[in-house]
Every structure is written in structure tokens, then in C-alpha cells.
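Structure below is model-v2.pdb: PDB, C-alpha atoms, pLDDT in the B column.
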MODEL        1
ATOM      1  CA  MET A 226     -68.869  74.434-146.174  1.00 40.00           C
ATOM      2  CA  SER A 227     -70.772  77.429-147.498  1.00 46.00           C
ATOM      3  CA  PRO A 228     -74.155  76.843-149.081  1.00 47.00           C
ATOM      4  CA  SER A 229     -72.463  77.229-152.433  1.00 46.00           C
ATOM      5  CA  ALA A 230     -69.938  74.546-151.523  1.00 55.00           C
ATOM      6  CA  HIS A 231     -72.470  71.756-151.128  1.00 63.00           C
ATOM      7  CA  ARG A 232     -75.869  70.770-152.416  1.00 74.00           C
ATOM      8  CA  PRO A 233     -78.841  72.238-150.566  1.00 81.00           C
ATOM      9  CA  ALA A 234     -79.960  69.015-148.938  1.00 88.00           C
ATOM     10  CA  GLY A 235     -80.052  69.118-145.153  1.00 93.00           C
ATOM     11  CA  ILE A 236     -81.666  67.920-141.964  1.00 96.00           C
ATOM     12  CA  HIS A 237     -83.791  70.189-139.823  1.00 96.00           C
ATOM     13  CA  LEU A 238     -84.465  69.138-136.226  1.00 97.00           C
ATOM     14  CA  LEU A 239     -87.345  70.907-134.496  1.00 97.00           C
ATOM     15  CA  ALA A 240     -86.929  70.258-130.782  1.00 97.00           C
ATOM     16  CA  ASP A 241     -89.529  71.315-128.214  1.00 96.00           C
ATOM     17  CA  PHE A 242     -88.250  70.884-124.646  1.00 97.00           C
ATOM     18  CA  TYR A 243     -90.579  70.788-121.627  1.00 96.00           C
ATOM     19  CA  GLY A 244     -89.913  70.878-117.906  1.00 97.00           C
ATOM     20  CA  ILE A 245     -86.705  72.914-117.910  1.00 98.00           C
ATOM     21  CA  ASP A 246     -85.641  74.839-114.808  1.00 98.00           C
ATOM     22  CA  ALA A 247     -86.595  78.458-115.497  1.00 98.00           C
ATOM     23  CA  GLY A 248     -83.161  79.680-114.447  1.00 97.00           C
ATOM     24  CA  LYS A 249     -81.629  77.975-117.475  1.00 98.00           C
ATOM     25  CA  LEU A 250     -83.810  79.907-119.905  1.00 98.00           C
ATOM     26  CA  VAL A 251     -83.219  83.582-119.097  1.00 98.00           C
ATOM     27  CA  ALA A 252     -79.551  84.524-119.589  1.00 97.00           C
ATOM     28  CA  THR A 253     -78.611  85.474-123.138  1.00 98.00           C
ATOM     29  CA  SER A 254     -74.935  84.783-122.412  1.00 98.00           C
ATOM     30  CA  ASP A 255     -75.684  81.253-121.235  1.00 97.00           C
ATOM     31  CA  ILE A 256     -77.951  80.484-124.187  1.00 98.00           C
ATOM     32  CA  ASP A 257     -75.472  81.959-126.656  1.00 98.00           C
ATOM     33  CA  ALA A 258     -72.678  79.820-125.198  1.00 98.00           C
ATOM     34  CA  LEU A 259     -74.869  76.721-125.252  1.00 98.00           C
ATOM     35  CA  LEU A 260     -75.891  77.071-128.880  1.00 98.00           C
ATOM     36  CA  ARG A 261     -72.304  77.808-129.873  1.00 98.00           C
ATOM     37  CA  ALA A 262     -71.211  74.654-128.063  1.00 98.00           C
ATOM     38  CA  GLY A 263     -73.876  72.745-129.944  1.00 98.00           C
ATOM     39  CA  ALA A 264     -72.700  74.136-133.271  1.00 98.00           C
ATOM     40  CA  GLU A 265     -69.123  73.202-132.492  1.00 98.00           C
ATOM     41  CA  ALA A 266     -70.108  69.679-131.444  1.00 98.00           C
ATOM     42  CA  ALA A 267     -71.884  69.291-134.764  1.00 98.00           C
ATOM     43  CA  GLY A 268     -68.823  70.376-136.711  1.00 98.00           C
ATOM     44  CA  ALA A 269     -70.482  73.534-138.007  1.00 97.00           C
ATOM     45  CA  ARG A 270     -68.855  76.915-138.675  1.00 97.00           C
ATOM     46  CA  ILE A 271     -70.340  79.892-136.816  1.00 98.00           C
ATOM     47  CA  LEU A 272     -70.892  83.105-138.792  1.00 97.00           C
ATOM     48  CA  HIS A 273     -72.897  85.273-136.382  1.00 97.00           C
ATOM     49  CA  SER A 274     -75.041  85.087-133.281  1.00 97.00           C
ATOM     50  CA  HIS A 275     -77.569  87.379-131.666  1.00 97.00           C
ATOM     51  CA  PHE A 276     -79.731  86.883-128.580  1.00 98.00           C
ATOM     52  CA  HIS A 277     -82.472  89.116-127.230  1.00 98.00           C
ATOM     53  CA  SER A 278     -83.840  89.109-123.670  1.00 97.00           C
ATOM     54  CA  PHE A 279     -87.432  90.144-123.110  1.00 97.00           C
ATOM     55  CA  GLY A 280     -86.567  91.363-119.591  1.00 96.00           C
ATOM     56  CA  ASP A 281     -85.590  90.195-116.128  1.00 94.00           C
ATOM     57  CA  ALA A 282     -86.607  86.581-115.565  1.00 94.00           C
ATOM     58  CA  MET A 283     -88.237  86.578-119.013  1.00 96.00           C
ATOM     59  CA  GLY A 284     -87.571  84.619-122.165  1.00 97.00           C
ATOM     60  CA  VAL A 285     -84.783  84.784-124.695  1.00 97.00           C
ATOM     61  CA  THR A 286     -84.978  84.604-128.475  1.00 97.00           C
ATOM     62  CA  GLY A 287     -81.951  84.218-130.668  1.00 97.00           C
ATOM     63  CA  VAL A 288     -79.972  82.512-133.354  1.00 98.00           C
ATOM     64  CA  VAL A 289     -76.546  81.251-134.289  1.00 98.00           C
ATOM     65  CA  LEU A 290     -76.086  81.556-138.047  1.00 98.00           C
ATOM     66  CA  LEU A 291     -73.888  78.873-139.520  1.00 97.00           C
ATOM     67  CA  ALA A 292     -72.154  78.308-142.820  1.00 96.00           C
ATOM     68  CA  GLU A 293     -74.310  75.138-142.792  1.00 95.00           C
ATOM     69  CA  SER A 294     -77.600  76.974-141.913  1.00 96.00           C
ATOM     70  CA  HIS A 295     -78.609  77.852-138.306  1.00 97.00           C
ATOM     71  CA  ILE A 296     -79.533  77.006-134.740  1.00 98.00           C
ATOM     72  CA  SER A 297     -82.332  79.114-133.280  1.00 98.00           C
ATOM     73  CA  ILE A 298     -84.038  79.137-129.908  1.00 98.00           C
ATOM     74  CA  HIS A 299     -87.020  80.739-128.223  1.00 97.00           C
ATOM     75  CA  THR A 300     -87.528  80.246-124.475  1.00 97.00           C
ATOM     76  CA  TRP A 301     -90.450  80.665-122.090  1.00 96.00           C
ATOM     77  CA  PRO A 302     -89.071  80.312-118.553  1.00 97.00           C
ATOM     78  CA  GLU A 303     -92.545  80.789-117.079  1.00 95.00           C
ATOM     79  CA  PHE A 304     -93.561  77.555-118.820  1.00 95.00           C
ATOM     80  CA  GLY A 305     -90.201  75.783-118.476  1.00 96.00           C
ATOM     81  CA  PHE A 306     -90.294  75.543-122.260  1.00 96.00           C
ATOM     82  CA  ALA A 307     -87.829  76.057-125.099  1.00 97.00           C
ATOM     83  CA  ALA A 308     -88.275  75.617-128.866  1.00 97.00           C
ATOM     84  CA  ALA A 309     -84.970  74.976-130.649  1.00 98.00           C
ATOM     85  CA  ASP A 310     -84.288  74.526-134.347  1.00 98.00           C
ATOM     86  CA  ILE A 311     -81.148  72.885-135.617  1.00 98.00           C
ATOM     87  CA  PHE A 312     -80.890  73.068-139.399  1.00 97.00           C
ATOM     88  CA  MET A 313     -77.678  71.878-141.005  1.00 97.00           C
ATOM     89  CA  CYS A 314     -76.622  71.084-144.542  1.00 93.00           C
ATOM     90  CA  GLY A 315     -73.348  69.603-145.736  1.00 90.00           C
ATOM     91  CA  ASN A 316     -71.345  67.364-143.446  1.00 91.00           C
ATOM     92  CA  ALA A 317     -72.354  68.893-140.115  1.00 96.00           C
ATOM     93  CA  GLN A 318     -74.192  66.572-137.734  1.00 97.00           C
ATOM     94  CA  PRO A 319     -77.226  68.280-136.193  1.00 98.00           C
ATOM     95  CA  GLN A 320     -77.964  65.367-133.854  1.00 98.00           C
ATOM     96  CA  LEU A 321     -74.736  66.122-131.994  1.00 98.00           C
ATOM     97  CA  ALA A 322     -75.843  69.702-131.412  1.00 98.00           C
ATOM     98  CA  LEU A 323     -79.209  68.465-130.197  1.00 98.00           C
ATOM     99  CA  GLU A 324     -77.599  66.251-127.597  1.00 98.00           C
ATOM    100  CA  VAL A 325     -75.449  69.091-126.241  1.00 98.00           C
ATOM    101  CA  ILE A 326     -78.499  71.315-125.857  1.00 98.00           C
ATOM    102  CA  ALA A 327     -80.683  68.555-124.412  1.00 98.00           C
ATOM    103  CA  GLN A 328     -78.077  67.597-121.829  1.00 98.00           C
ATOM    104  CA  ALA A 329     -77.698  71.194-120.652  1.00 98.00           C
ATOM    105  CA  PHE A 330     -81.439  71.780-120.354  1.00 98.00           C
ATOM    106  CA  GLY A 331     -82.258  68.528-118.559  1.00 97.00           C
ATOM    107  CA  ALA A 332     -85.844  68.721-119.806  1.00 97.00           C
ATOM    108  CA  THR A 333     -88.360  66.289-118.345  1.00 96.00           C
ATOM    109  CA  SER A 334     -89.679  65.597-121.841  1.00 95.00           C
ATOM    110  CA  ARG A 335     -89.116  66.632-125.417  1.00 95.00           C
ATOM    111  CA  ILE A 336     -90.651  66.322-128.849  1.00 95.00           C
ATOM    112  CA  VAL A 337     -88.157  66.224-131.720  1.00 96.00           C
ATOM    113  CA  GLN A 338     -89.302  66.302-135.314  1.00 95.00           C
ATOM    114  CA  THR A 339     -86.770  65.494-138.036  1.00 95.00           C
ATOM    115  CA  ILE A 340     -87.444  67.101-141.400  1.00 94.00           C
ATOM    116  CA  ALA A 341     -85.500  66.516-144.607  1.00 92.00           C
ATOM    117  CA  ARG A 342     -85.053  69.753-146.566  1.00 92.00           C
ATOM    118  CA  GLY A 343     -84.015  70.636-150.087  1.00 86.00           C
ATOM    119  CA  GLY A 344     -84.051  67.262-151.773  1.00 75.00           C
ATOM    120  CA  ALA A 345     -85.002  66.843-155.397  1.00 69.00           C
ATOM    121  CA  SER A 346     -87.471  69.330-156.823  1.00 68.00           C
ATOM    122  CA  PRO A 347     -91.070  68.100-156.714  1.00 67.00           C
ATOM    123  CA  LEU A 348     -91.386  68.897-160.428  1.00 56.00           C
TER     124      LEU A 348
ATOM    125  CA  MET B 241     -96.069  90.281-128.006  1.00 39.00           C
ATOM    126  CA  SER B 242     -92.964  88.950-126.295  1.00 45.00           C
ATOM    127  CA  PRO B 243     -92.660  85.234-125.664  1.00 47.00           C
ATOM    128  CA  SER B 244     -93.544  85.987-122.073  1.00 47.00           C
ATOM    129  CA  ALA B 245     -96.723  87.735-123.190  1.00 55.00           C
ATOM    130  CA  HIS B 246     -98.293  84.672-124.781  1.00 63.00           C
ATOM    131  CA  ARG B 247     -98.224  80.915-124.438  1.00 74.00           C
ATOM    132  CA  PRO B 248     -95.497  79.121-126.353  1.00 81.00           C
ATOM    133  CA  ALA B 249     -97.752  77.554-128.953  1.00 88.00           C
ATOM    134  CA  GLY B 250     -96.914  78.494-132.526  1.00 93.00           C
ATOM    135  CA  ILE B 251     -96.866  77.504-136.164  1.00 96.00           C
ATOM    136  CA  HIS B 252     -93.641  76.779-137.992  1.00 97.00           C
ATOM    137  CA  LEU B 253     -93.695  76.803-141.790  1.00 97.00           C
ATOM    138  CA  LEU B 254     -90.733  75.132-143.505  1.00 97.00           C
ATOM    139  CA  ALA B 255     -90.789  76.305-147.108  1.00 97.00           C
ATOM    140  CA  ASP B 256     -88.425  74.915-149.743  1.00 96.00           C
ATOM    141  CA  PHE B 257     -88.600  76.891-153.001  1.00 97.00           C
ATOM    142  CA  TYR B 258     -87.314  75.523-156.317  1.00 96.00           C
ATOM    143  CA  GLY B 259     -86.768  77.147-159.697  1.00 97.00           C
ATOM    144  CA  ILE B 260     -86.021  80.698-158.557  1.00 98.00           C
ATOM    145  CA  ASP B 261     -84.045  83.052-160.798  1.00 98.00           C
ATOM    146  CA  ALA B 262     -80.515  83.078-159.374  1.00 98.00           C
ATOM    147  CA  GLY B 263     -80.401  86.860-159.380  1.00 97.00           C
ATOM    148  CA  LYS B 264     -83.078  86.978-156.686  1.00 98.00           C
ATOM    149  CA  LEU B 265     -80.989  84.896-154.284  1.00 98.00           C
ATOM    150  CA  VAL B 266     -77.677  86.753-153.968  1.00 98.00           C
ATOM    151  CA  ALA B 267     -78.178  90.270-152.576  1.00 97.00           C
ATOM    152  CA  THR B 268     -78.306  90.480-148.786  1.00 98.00           C
ATOM    153  CA  SER B 269     -80.090  93.836-148.965  1.00 98.00           C
ATOM    154  CA  ASP B 270     -82.854  92.405-151.157  1.00 97.00           C
ATOM    155  CA  ILE B 271     -83.311  89.319-148.983  1.00 98.00           C
ATOM    156  CA  ASP B 272     -83.309  91.388-145.799  1.00 98.00           C
ATOM    157  CA  ALA B 273     -85.964  93.705-147.216  1.00 98.00           C
ATOM    158  CA  LEU B 274     -88.046  90.760-148.395  1.00 98.00           C
ATOM    159  CA  LEU B 275     -88.045  88.964-145.058  1.00 98.00           C
ATOM    160  CA  ARG B 276     -88.817  92.208-143.245  1.00 98.00           C
ATOM    161  CA  ALA B 277     -91.755  92.765-145.597  1.00 98.00           C
ATOM    162  CA  GLY B 278     -92.926  89.249-144.806  1.00 98.00           C
ATOM    163  CA  ALA B 279     -92.681  89.869-141.071  1.00 98.00           C
ATOM    164  CA  GLU B 280     -94.646  93.074-141.397  1.00 98.00           C
ATOM    165  CA  ALA B 281     -97.343  91.406-143.495  1.00 98.00           C
ATOM    166  CA  ALA B 282     -97.688  88.780-140.791  1.00 98.00           C
ATOM    167  CA  GLY B 283     -98.127  91.403-138.097  1.00 98.00           C
ATOM    168  CA  ALA B 284     -94.888  90.473-136.336  1.00 97.00           C
ATOM    169  CA  ARG B 285     -92.485  92.790-134.507  1.00 97.00           C
ATOM    170  CA  ILE B 286     -88.882  92.798-135.756  1.00 98.00           C
ATOM    171  CA  LEU B 287     -86.107  92.727-133.143  1.00 97.00           C
ATOM    172  CA  HIS B 288     -82.969  92.161-135.237  1.00 97.00           C
ATOM    173  CA  SER B 289     -81.805  90.960-138.624  1.00 97.00           C
ATOM    174  CA  HIS B 290     -78.517  89.749-140.018  1.00 97.00           C
ATOM    175  CA  PHE B 291     -77.632  88.432-143.483  1.00 98.00           C
ATOM    176  CA  HIS B 292     -74.374  86.943-144.677  1.00 98.00           C
ATOM    177  CA  SER B 293     -73.235  86.619-148.293  1.00 97.00           C
ATOM    178  CA  PHE B 294     -70.923  83.768-149.224  1.00 97.00           C
ATOM    179  CA  GLY B 295     -69.447  85.861-152.061  1.00 96.00           C
ATOM    180  CA  ASP B 296     -70.219  87.321-155.475  1.00 94.00           C
ATOM    181  CA  ALA B 297     -73.069  85.451-157.146  1.00 94.00           C
ATOM    182  CA  MET B 298     -73.150  83.047-154.211  1.00 96.00           C
ATOM    183  CA  GLY B 299     -75.766  82.267-151.608  1.00 97.00           C
ATOM    184  CA  VAL B 300     -77.069  84.184-148.642  1.00 97.00           C
ATOM    185  CA  THR B 301     -77.876  82.966-145.155  1.00 97.00           C
ATOM    186  CA  GLY B 302     -79.697  85.057-142.613  1.00 97.00           C
ATOM    187  CA  VAL B 303     -82.463  85.660-140.152  1.00 98.00           C
ATOM    188  CA  VAL B 304     -84.994  88.179-138.960  1.00 98.00           C
ATOM    189  CA  LEU B 305     -85.581  87.704-135.235  1.00 98.00           C
ATOM    190  CA  LEU B 306     -89.088  88.534-134.128  1.00 97.00           C
ATOM    191  CA  ALA B 307     -90.831  89.077-130.825  1.00 96.00           C
ATOM    192  CA  GLU B 308     -92.969  86.174-132.083  1.00 95.00           C
ATOM    193  CA  SER B 309     -89.974  83.940-133.073  1.00 96.00           C
ATOM    194  CA  HIS B 310     -88.141  84.219-136.435  1.00 97.00           C
ATOM    195  CA  ILE B 311     -87.926  84.065-140.206  1.00 98.00           C
ATOM    196  CA  SER B 312     -84.732  82.497-141.555  1.00 98.00           C
ATOM    197  CA  ILE B 313     -83.483  81.824-145.056  1.00 98.00           C
ATOM    198  CA  HIS B 314     -80.650  80.016-146.794  1.00 97.00           C
ATOM    199  CA  THR B 315     -80.236  80.382-150.553  1.00 97.00           C
ATOM    200  CA  TRP B 316     -78.369  78.461-153.249  1.00 96.00           C
ATOM    201  CA  PRO B 317     -78.515  80.554-156.440  1.00 97.00           C
ATOM    202  CA  GLU B 318     -76.600  77.896-158.368  1.00 95.00           C
ATOM    203  CA  PHE B 319     -79.531  75.529-157.751  1.00 95.00           C
ATOM    204  CA  GLY B 320     -82.268  78.186-157.913  1.00 96.00           C
ATOM    205  CA  PHE B 321     -83.168  77.032-154.419  1.00 96.00           C
ATOM    206  CA  ALA B 322     -84.088  78.698-151.127  1.00 97.00           C
ATOM    207  CA  ALA B 323     -85.042  77.174-147.770  1.00 97.00           C
ATOM    208  CA  ALA B 324     -87.122  79.539-145.637  1.00 98.00           C
ATOM    209  CA  ASP B 325     -88.461  79.063-142.122  1.00 98.00           C
ATOM    210  CA  ILE B 326     -91.301  81.112-140.767  1.00 98.00           C
ATOM    211  CA  PHE B 327     -91.930  80.415-137.095  1.00 97.00           C
ATOM    212  CA  MET B 328     -94.454  82.592-135.273  1.00 97.00           C
ATOM    213  CA  CYS B 329     -96.204  82.395-131.942  1.00 93.00           C
ATOM    214  CA  GLY B 330     -98.945  84.622-130.588  1.00 90.00           C
ATOM    215  CA  ASN B 331    -101.254  86.413-132.980  1.00 91.00           C
ATOM    216  CA  ALA B 332     -98.881  86.807-135.915  1.00 96.00           C
ATOM    217  CA  GLN B 333     -99.932  85.073-139.131  1.00 97.00           C
ATOM    218  CA  PRO B 334     -97.010  83.195-140.700  1.00 98.00           C
ATOM    219  CA  GLN B 335     -98.980  82.272-143.826  1.00 98.00           C
ATOM    220  CA  LEU B 336     -99.081  85.951-144.791  1.00 98.00           C
ATOM    221  CA  ALA B 337     -95.286  86.148-144.597  1.00 98.00           C
ATOM    222  CA  LEU B 338     -95.027  83.012-146.703  1.00 98.00           C
ATOM    223  CA  GLU B 339     -97.147  84.520-149.443  1.00 98.00           C
ATOM    224  CA  VAL B 340     -95.031  87.705-149.580  1.00 98.00           C
ATOM    225  CA  ILE B 341     -91.849  85.656-149.926  1.00 98.00           C
ATOM    226  CA  ALA B 342     -93.343  83.220-152.420  1.00 98.00           C
ATOM    227  CA  GLN B 343     -94.654  86.001-154.629  1.00 98.00           C
ATOM    228  CA  ALA B 344     -91.270  87.723-154.724  1.00 98.00           C
ATOM    229  CA  PHE B 345     -89.364  84.544-155.559  1.00 98.00           C
ATOM    230  CA  GLY B 346     -91.724  83.301-158.269  1.00 97.00           C
ATOM    231  CA  ALA B 347     -90.520  79.737-157.687  1.00 97.00           C
ATOM    232  CA  THR B 348     -91.609  77.101-160.193  1.00 96.00           C
ATOM    233  CA  SER B 349     -92.432  74.751-157.309  1.00 95.00           C
ATOM    234  CA  ARG B 350     -92.352  74.625-153.538  1.00 95.00           C
ATOM    235  CA  ILE B 351     -92.743  72.222-150.670  1.00 95.00           C
ATOM    236  CA  VAL B 352     -94.239  73.733-147.512  1.00 96.00           C
ATOM    237  CA  GLN B 353     -94.435  71.762-144.297  1.00 95.00           C
ATOM    238  CA  THR B 354     -96.563  73.126-141.469  1.00 95.00           C
ATOM    239  CA  ILE B 355     -95.493  72.102-137.982  1.00 94.00           C
ATOM    240  CA  ALA B 356     -97.316  72.867-134.739  1.00 92.00           C
ATOM    241  CA  ARG B 357     -94.864  73.730-131.957  1.00 92.00           C
ATOM    242  CA  GLY B 358     -95.087  74.006-128.191  1.00 87.00           C
ATOM    243  CA  GLY B 359     -98.459  72.533-127.499  1.00 75.00           C
ATOM    244  CA  ALA B 360     -99.195  70.574-124.354  1.00 69.00           C
ATOM    245  CA  SER B 361     -96.311  68.674-122.813  1.00 68.00           C
ATOM    246  CA  PRO B 362     -96.139  65.031-123.907  1.00 67.00           C
ATOM    247  CA  LEU B 363     -95.997  63.993-120.254  1.00 56.00           C
TER     248      LEU B 363
ENDMDL
END
Would you put the structure from the file into C-alpha cells?
Amino acid sequence: MSPSAHRPAGIHLLADFYGIDAGKLVATSDIDALLRAGAEAAGARILHSHFHSFGDAMGVTGVVLLAESHISIHTWPEFGFAAADIFMCGNAQPQLALEVIAQAFGATSRIVQTIARGGASPL
Amino acid sequence: MSPSAHRPAGIHLLADFYGIDAGKLVATSDIDALLRAGAEAAGARILHSHFHSFGDAMGVTGVVLLAESHISIHTWPEFGFAAADIFMCGNAQPQLALEVIAQAFGATSRIVQTIARGGASPL
């Protein structure tokens, strides 16, 4: 499942969530656990994670690195907003990670963009 | 420059590079230094970085976390391919990071998608 074990084609979901309770967007331990749960739901293998808090009641920025690529997140509790990226190659299923994260956040709305990466060279 | 110091609007560049010399895509120290140079060119503040090698002559996956969001990369030397993400909010200039990375890789072709994130809520 390493990058060198499969072709570099993958799906990248860019998910912007609006209307989240601020309390869900401030604790690095909660966000770390959530993204790890998403990775596991997707069938991905976790290599590393790191989350940074900008201070009490402030946002979090962080990433879970995967053998299949990554899940990242940046939160703005003061706007009830989170921007998550779920990029997975190989056989992992990023949509399953998205649903885990979406269910936990309970956002009032979201915009999800689905981008195909690493297909055939344009040349 | 923290997420809580600016609104959550940002630009996310998804850059797929093709035709890179394999030797440029295997050393975690080189890739770390390159992404840090990109972050600095963009005027971003680095919080953390982590890079994982999948083995000798194999790919690298990693991230530089920024106060303004992140730069991530996943490389496949056996395909001469790298998928980079440059996501920056606030006043940082992601295009400048892209140019630093592109110049170092010397890819024969690239596909760059530019995505606006975190604008007004869809509701």
C-alpha cells in the first residue's frame, strides 16, 4: 500500500464544512482521534500524525500522513468552519473517511470537491 | 497569521508533476528542504514538518504544516511523478511556493488545479 506499491492515481476530496459547533474544533486530541477514525474507516494505513493548537478556544491545524497519502484539517472555531482534505491512492476509500468526519462535525452545510490526481501524463 | 487571525478563505493549489528525474524524489531531507523553501518563498510560517521514506529508491510522503495551512507531497520515483498540495490562507502567496517546487523538480509537464476554499457558506 505504499506509493511504490501502486500507481499514483488517486482521489482527493476537498471538504469545506460550515456551521460546526465551535467546541468540536478546538481540541487537538479530539481532531487527531477523528481523523484517525476516518483513515481507518477508509482502509488506509497511518504513518504519522501531528496537530497544532493556536491557543485556548482557537483553531487547530494538522495532518494524518498515510501510506495512501494524507488527511489534513484546518479549523476556525470562531467561524464554525473546517477545511479538510482527504487524499488517497490505491485501494483506500476516501469517501468513507469523509462520512466519518462529516457525521462527527454535524455541519449545517458543506462543499465537497472531488479531484482526480495523477492520471496519465498530459504529454 | 494563525487561522484565528484571519478569515478562513484560502487558495489550494493541487499540482501533479510528471517526468521528474527519479533521483529528485527519494531523499526525505531534500524534499523537506524543498518544501520549506517553498513555504518561505510564499511568506508562510512553518509549524512542523514530517517526511516518510518507503525505502531505498522508493517514494516519499510528507507535509509541512503552516500557520496558513500546509504543503504536502507524495512522490513516485518509479513513475517520475509527484503530487503536491499547497494550501494557504491569509496573506501567504501559494503561487510562489509552487514556482520554487516546480523549478527544483524540472518536470516535463504538470497539471495545476487552483481551488478556492472557505468562502461564504453555501447556505
Using Å and a single decimal, report how far CA of Gly268 in chain A sits from CA of Thr333 in chain A.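 Taking CA of Thr333 in chain A and CA of Gly268 in chain A, their separation equals 27.1 Å.
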Selection in question (the file shown): the PyMOL selection byres ((chain A and resi 316-329) around 9). Which residues does it include, as a PyMOL selection string? chain A and resi 226+231+236-238+240+242+249+259-270+293+296+309-315+330-332+335
Kindly export the residues of the current selection with C-alpha atoms, as a PDB file, in the coordinates of the input.
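After the write, part-v2.pdb holds the following:
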ATOM      1  CA  MET A 226     -68.869  74.434-146.174  1.00 40.00           C
ATOM      2  CA  HIS A 231     -72.470  71.756-151.128  1.00 63.00           C
ATOM      3  CA  ILE A 236     -81.666  67.920-141.964  1.00 96.00           C
ATOM      4  CA  HIS A 237     -83.791  70.189-139.823  1.00 96.00           C
ATOM      5  CA  LEU A 238     -84.465  69.138-136.226  1.00 97.00           C
ATOM      6  CA  ALA A 240     -86.929  70.258-130.782  1.00 97.00           C
ATOM      7  CA  PHE A 242     -88.250  70.884-124.646  1.00 97.00           C
ATOM      8  CA  LYS A 249     -81.629  77.975-117.475  1.00 98.00           C
ATOM      9  CA  LEU A 259     -74.869  76.721-125.252  1.00 98.00           C
ATOM     10  CA  LEU A 260     -75.891  77.071-128.880  1.00 98.00           C
ATOM     11  CA  ARG A 261     -72.304  77.808-129.873  1.00 98.00           C
ATOM     12  CA  ALA A 262     -71.211  74.654-128.063  1.00 98.00           C
ATOM     13  CA  GLY A 263     -73.876  72.745-129.944  1.00 98.00           C
ATOM     14  CA  ALA A 264     -72.700  74.136-133.271  1.00 98.00           C
ATOM     15  CA  GLU A 265     -69.123  73.202-132.492  1.00 98.00           C
ATOM     16  CA  ALA A 266     -70.108  69.679-131.444  1.00 98.00           C
ATOM     17  CA  ALA A 267     -71.884  69.291-134.764  1.00 98.00           C
ATOM     18  CA  GLY A 268     -68.823  70.376-136.711  1.00 98.00           C
ATOM     19  CA  ALA A 269     -70.482  73.534-138.007  1.00 97.00           C
ATOM     20  CA  ARG A 270     -68.855  76.915-138.675  1.00 97.00           C
ATOM     21  CA  GLU A 293     -74.310  75.138-142.792  1.00 95.00           C
ATOM     22  CA  ILE A 296     -79.533  77.006-134.740  1.00 98.00           C
ATOM     23  CA  ALA A 309     -84.970  74.976-130.649  1.00 98.00           C
ATOM     24  CA  ASP A 310     -84.288  74.526-134.347  1.00 98.00           C
ATOM     25  CA  ILE A 311     -81.148  72.885-135.617  1.00 98.00           C
ATOM     26  CA  PHE A 312     -80.890  73.068-139.399  1.00 97.00           C
ATOM     27  CA  MET A 313     -77.678  71.878-141.005  1.00 97.00           C
ATOM     28  CA  CYS A 314     -76.622  71.084-144.542  1.00 93.00           C
ATOM     29  CA  GLY A 315     -73.348  69.603-145.736  1.00 90.00           C
ATOM     30  CA  PHE A 330     -81.439  71.780-120.354  1.00 98.00           C
ATOM     31  CA  GLY A 331     -82.258  68.528-118.559  1.00 97.00           C
ATOM     32  CA  ALA A 332     -85.844  68.721-119.806  1.00 97.00           C
ATOM     33  CA  ARG A 335     -89.116  66.632-125.417  1.00 95.00           C
TER      34      ARG A 335
END
For chain B against chain A, which residues fall within 9 Å using all atoms listed in the file, given as an NGL selection string? :B and (242-244 or 247-248 or 254-259 or 287-292 or 294 or 298-303 or 305-310 or 312-319 or 321-323 or 348-351 or 353 or 355 or 357-358 or 361-363)
Expressed in Å to a single decimal, how great is the separation between CA of Ala258 in chain A and CA of Val337 in chain A?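 Atom-to-atom, CA of Ala258 in chain A to CA of Val337 in chain A, that is 21.6 Å.
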Point-to-point distance in Å for CA of Thr253 in chain A and CA of Asp270 in chain B: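 Taking CA of Asp270 in chain B and CA of Thr253 in chain A, their separation equals 29.2 Å.
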